[in-house]
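S.K.: Sharing a structure below in structure tokens format, with a few things to ask.
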4 protein chains.
Amino acid sequence: MITTTLQPRFSDTDALGHISNTSFSVWFEEARTELFKIFHPSLDVKTWPLIIARTEIDFVAQTYWGRDVMIKTWLDKVGNSSCHIVHEAWQGDTLVAKGTAVMIHFDYTTNTSKPIPNDIRAQLLSHLVGAD
Amino acid sequence: MITTTLQPRFSDTDALGHISNTSFSVWFEEARTELFKIFHPSLDVKTWPLIIARTEIDFVAQTYWGRDVMIKTWLDKVGNSSCHIVHEAWQGDTLVAKGTAVMIHFDYTTNTSKPIPNDIRAQLLSHLVGAD
Amino acid sequence: MITTTLQPRFSDTDALGHISNTSFSVWFEEARTELFKIFHPSLDVKTWPLIIARTEIDFVAQTYWGRDVMIKTWLDKVGNSSCHIVHEAWQGDTLVAKGTAVMIHFDYTTNTSKPIPNDIRAQLLSHLVGAD
Amino acid sequence: MITTTLQPRFSDTDALGHISNTSFSVWFEEARTELFKIFHPSLDVKTWPLIIARTEIDFVAQTYWGRDVMIKTWLDKVGNSSCHIVHEAWQGDTLVAKGTAVMIHFDYTTNTSKPIPNDIRAQLLSHLVGAD
């Protein structure tokens, strides 16, 4: 499991007085950075090998600016060219949101998915649910 | 069905050269404005009666800055206190993303859902799939 | 003068209940699109020839979600490789913010400024203050 | 002087491949958090006593996702009801942007500025340029 601590930004809030629902897609993307590094250690955007296919988010509790948010990330499935990611966002003792993302190993020059190589797969499996 | 035309902003892009996946949650929120007006014609944020419970987005095709995006929005279910919303984002003739949102009629003072009144329900039903 | 009408997005607001000061830098960037087209009609990001060197913004009045914002943009100076841009943001009859930007004709491969060609300069001058 | 370390987010980038100029207004706002706490220790948005009047930003060097940014913040003047803030953003050994902000002690109920109390002023002066 990957643990990421994020500082909500004032601009992550909206006029309802707390964190905008739209900020969670930004935060969960940040929480995937460790997975990005497994696929693409240089993080060079010119040769980026990943695309996001789907996201789901459940908004469980209101979230506030001024307190850190901790995001737990793990994998619940690694397919041939895709991985299924699970995120939970916690603020203090409160689960405030949970989400999933389907990320695909992708070739932007041919616009097609490509198989996940074995060495990358091995690293991903260490983040599979129940692996730690 | 509600049709919303949006201009992608340069800041909606990311370093991969096209629209960030995170921008769709912002765009789909904008596309719900007509629904917000049905529930809350004043749009006054101090007395806002809605909360978002869940979103799903499928990213179907790459989306570009510099061309308008058209979002089609309709309802596929109106429950006792919630409504289930469907969005499609089109850029030219290309379906670039589709999503759903579950929005709940909500009392922020008691932090509980509340039934959708009949007059609001009648207006929502005009946006139910197949209604037009 | 260039006139741009923008729809504030709900995510442009912050927890103080109105538009975030940070949204104006996004909006003013959008208002420069017509100038971008003069320099770079294709708008292709891979061959983008402009860089922003400086911005100033004065926040004059509170700005609200739910009402369009009109941005007036003109040039007050065209230099050898730079142009000095002025923006005003109006919501209804209220001037809500004004700003300037210094934009430079730029070669990202050599990381140096380059002179503004005469044909582009001629088009820019039609947006000089007092030109219309 | 206040030092703030920020993690650039992937959504802080734009299609030119590096950090969007618009992200600096967000980052500098975050860097003012320690000043917000001096004025308003609770950080409660419902009783927020500050408004931003003006910002200036000079973009000095390109900034990249994937590496922390350190922001140095100090005051160069404390007036009757306003304070003049200076920010520098550093990525590694590179000064990437510098900016200023004019922030006003403000009463949102009367929409007028109000004098900075002496106890707050004393704390602000510890962040005056040359104070440390």
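Chain identifiers are assigned as A, B, and so on, following the order in which chains appear in the structure tokens; residues are numbered from 1 within each chain, and ligands are numbered from 1 in order of appearance.
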Output as JSON lines one row per residue of chain A within 6 Å of chain C: the closest atom pair and its distance in Å to one decimal place, counting only C-alpha atoms, sorted by chain and residue number ascending.

M.R.:
```
{"residue": "A:Ser11", "atom": "CA", "partner": "C:Asp14", "partner_atom": "CA", "distance": 5.9}
{"residue": "A:Thr13", "atom": "CA", "partner": "C:Asp14", "partner_atom": "CA", "distance": 5.0}
{"residue": "A:Asp14", "atom": "CA", "partner": "C:Asp14", "partner_atom": "CA", "distance": 3.9}
{"residue": "A:Ala15", "atom": "CA", "partner": "C:Gly17", "partner_atom": "CA", "distance": 4.0}
{"residue": "A:Gly17", "atom": "CA", "partner": "C:Ala15", "partner_atom": "CA", "distance": 4.0}
```

S.K.: Can you spit out the residues from that selection as a PDB file, in the first residue's frame, using all heavy atoms?

M.R.:
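In the end it all went to part-v4.pdb:
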```
ATOM      1  N   SER A  11      -7.410  26.949  -2.849  1.00  0.00           N
ATOM      2  CA  SER A  11      -8.133  26.901  -4.125  1.00  0.00           C
ATOM      3  C   SER A  11      -8.752  25.536  -4.399  1.00  0.00           C
ATOM      4  O   SER A  11      -9.452  25.371  -5.399  1.00  0.00           O
ATOM      5  CB  SER A  11      -7.207  27.303  -5.268  1.00  0.00           C
ATOM      6  OG  SER A  11      -6.139  26.392  -5.338  1.00  0.00           O
ATOM      7  N   THR A  13     -10.938  24.473  -2.327  1.00  0.00           N
ATOM      8  CA  THR A  13     -12.269  24.658  -1.744  1.00  0.00           C
ATOM      9  C   THR A  13     -13.203  25.260  -2.790  1.00  0.00           C
ATOM     10  O   THR A  13     -12.772  25.741  -3.833  1.00  0.00           O
ATOM     11  CB  THR A  13     -12.223  25.611  -0.530  1.00  0.00           C
ATOM     12  OG1 THR A  13     -11.791  26.914  -0.964  1.00  0.00           O
ATOM     13  CG2 THR A  13     -11.292  25.101   0.550  1.00  0.00           C
ATOM     14  N   ASP A  14     -14.501  25.232  -2.488  1.00  0.00           N
ATOM     15  CA  ASP A  14     -15.433  25.977  -3.320  1.00  0.00           C
ATOM     16  C   ASP A  14     -16.391  26.755  -2.431  1.00  0.00           C
ATOM     17  O   ASP A  14     -16.241  26.767  -1.199  1.00  0.00           O
ATOM     18  CB  ASP A  14     -16.141  25.086  -4.344  1.00  0.00           C
ATOM     19  CG  ASP A  14     -17.096  24.076  -3.734  1.00  0.00           C
ATOM     20  OD1 ASP A  14     -17.541  24.269  -2.585  1.00  0.00           O
ATOM     21  OD2 ASP A  14     -17.417  23.094  -4.426  1.00  0.00           O
ATOM     22  N   ALA A  15     -17.345  27.425  -3.074  1.00  0.00           N
ATOM     23  CA  ALA A  15     -18.179  28.387  -2.361  1.00  0.00           C
ATOM     24  C   ALA A  15     -19.071  27.756  -1.297  1.00  0.00           C
ATOM     25  O   ALA A  15     -19.679  28.469  -0.505  1.00  0.00           O
ATOM     26  CB  ALA A  15     -19.038  29.171  -3.357  1.00  0.00           C
ATOM     27  N   GLY A  17     -17.844  26.169   1.072  1.00  0.00           N
ATOM     28  CA  GLY A  17     -17.079  26.332   2.307  1.00  0.00           C
ATOM     29  C   GLY A  17     -16.131  25.194   2.619  1.00  0.00           C
ATOM     30  O   GLY A  17     -15.365  25.271   3.579  1.00  0.00           O
TER      31      GLY A  17
END
```

S.K.: When DSSP is applied to the backbone of this structure, which of chain B are assigned strand (DSSP E)? Write them out as a PyMOL selection string.

M.R.: chain B and resi 2-6+50-59+69-78+82-91+94-107+112-113

S.K.: Which residues come within 10 Å of Asp119 (chain A), counting only C-alpha atoms, excluding same-chain residues fewer than 3 positions away, as a list in words?

M.R.: Ile38, Phe39, Ile116, Ala122, Gln123 and Leu124 of chain A

S.K.: Restricting the output to N, CA, C and O atoms, write the selected residues as an mmCIF file, in the first residue's frame.

M.R.:
```cif
data_model
loop_
_atom_site.group_PDB
_atom_site.id
_atom_site.type_symbol
_atom_site.label_atom_id
_atom_site.label_comp_id
_atom_site.auth_asym_id
_atom_site.auth_seq_id
_atom_site.Cartn_x
_atom_site.Cartn_y
_atom_site.Cartn_z
ATOM 1 N N ILE A 38 6.899 3.515 -11.064
ATOM 2 C CA ILE A 38 7.168 2.096 -11.372
ATOM 3 C C ILE A 38 7.169 1.893 -12.888
ATOM 4 O O ILE A 38 8.055 1.246 -13.447
ATOM 5 N N PHE A 39 6.178 2.487 -13.550
ATOM 6 C CA PHE A 39 6.101 2.343 -15.012
ATOM 7 C C PHE A 39 7.145 3.189 -15.732
ATOM 8 O O PHE A 39 7.593 2.825 -16.810
ATOM 9 N N ILE A 116 1.900 -5.079 -19.909
ATOM 10 C CA ILE A 116 2.759 -4.644 -18.811
ATOM 11 C C ILE A 116 3.933 -5.617 -18.725
ATOM 12 O O ILE A 116 3.721 -6.820 -18.543
ATOM 13 N N ALA A 122 5.950 -7.227 -11.535
ATOM 14 C CA ALA A 122 6.421 -7.712 -10.226
ATOM 15 C C ALA A 122 6.378 -6.596 -9.182
ATOM 16 O O ALA A 122 5.992 -6.815 -8.030
ATOM 17 N N GLN A 123 6.781 -5.406 -9.601
ATOM 18 C CA GLN A 123 6.741 -4.280 -8.655
ATOM 19 C C GLN A 123 5.306 -3.899 -8.307
ATOM 20 O O GLN A 123 4.993 -3.566 -7.161
ATOM 21 N N LEU A 124 4.427 -3.931 -9.308
ATOM 22 C CA LEU A 124 3.017 -3.589 -9.056
ATOM 23 C C LEU A 124 2.409 -4.569 -8.060
ATOM 24 O O LEU A 124 1.646 -4.170 -7.168
#
```

S.K.: Could you tell me how far CA of Leu50 (chain A) sits from CA of Gly66 (chain D), in Å to one decimal place?

M.R.: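 Interatomic distance here is 15.9 Å.
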
S.K.: With only C-alpha atoms as the counted atoms, please give the residues lying no more than 6 Å from Pro49 (chain C), apart from itself and same-chain residues fewer than 5 positions off, as a PyMOL selection string.

M.R.: chain C and resi 105-107

S.K.: List the spatial neighbours of region 52-61 of chain D as a list in words - criterion: any atom at most 6 Å away, only C-alpha atoms, same-chain residues fewer than 3 positions off excluded.

M.R.: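 So the residues in contact are Ala53, Arg54, Thr55, Glu56, Ile57, Asp58 and Phe59 of chain C; Val96, Ala97, Lys98, Gly99, Thr100, Ala101, Val102 and Met103 of chain D.
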
S.K.: For the selection you just gave me, I'd like the residues written to a file as a compact mmCIF listing (two decimals), in the first residue's frame, keeping C-alpha atoms.

M.R.:
```txt
# COMPACT_ATOMS: atom_id res chain seq x y z
CA ALA C 53 7.11 36.97 -18.42
CA ARG C 54 5.05 38.93 -15.95
CA THR C 55 1.49 39.44 -14.73
CA GLU C 56 -0.12 42.02 -12.47
CA ILE C 57 -3.69 41.86 -11.20
CA ASP C 58 -5.69 44.38 -9.16
CA PHE C 59 -8.74 42.90 -7.48
CA VAL D 96 11.70 30.17 -10.97
CA ALA D 97 9.32 33.00 -10.05
CA LYS D 98 8.98 35.92 -7.71
CA GLY D 99 5.90 37.85 -6.75
CA THR D 100 4.24 40.30 -4.46
CA ALA D 101 0.81 40.49 -2.90
CA VAL D 102 -1.02 43.27 -1.12
CA MET D 103 -3.30 41.83 1.53
```

S.K.: What separation in Å, quoted to one decimal, exists between CA of Ile71 (chain A) and CA of Thr112 (chain B)?

M.R.: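 Taking CA of Ile71 (chain A) as the start and CA of Thr112 (chain B) as the end point, the length is 25.9 Å.
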
S.K.: Suppose you want the space between CA of Phe24 (chain A) and CA of Ala31 (chain D); what is it in Å?

M.R.: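 Distance between the two atoms: 21.3 Å.
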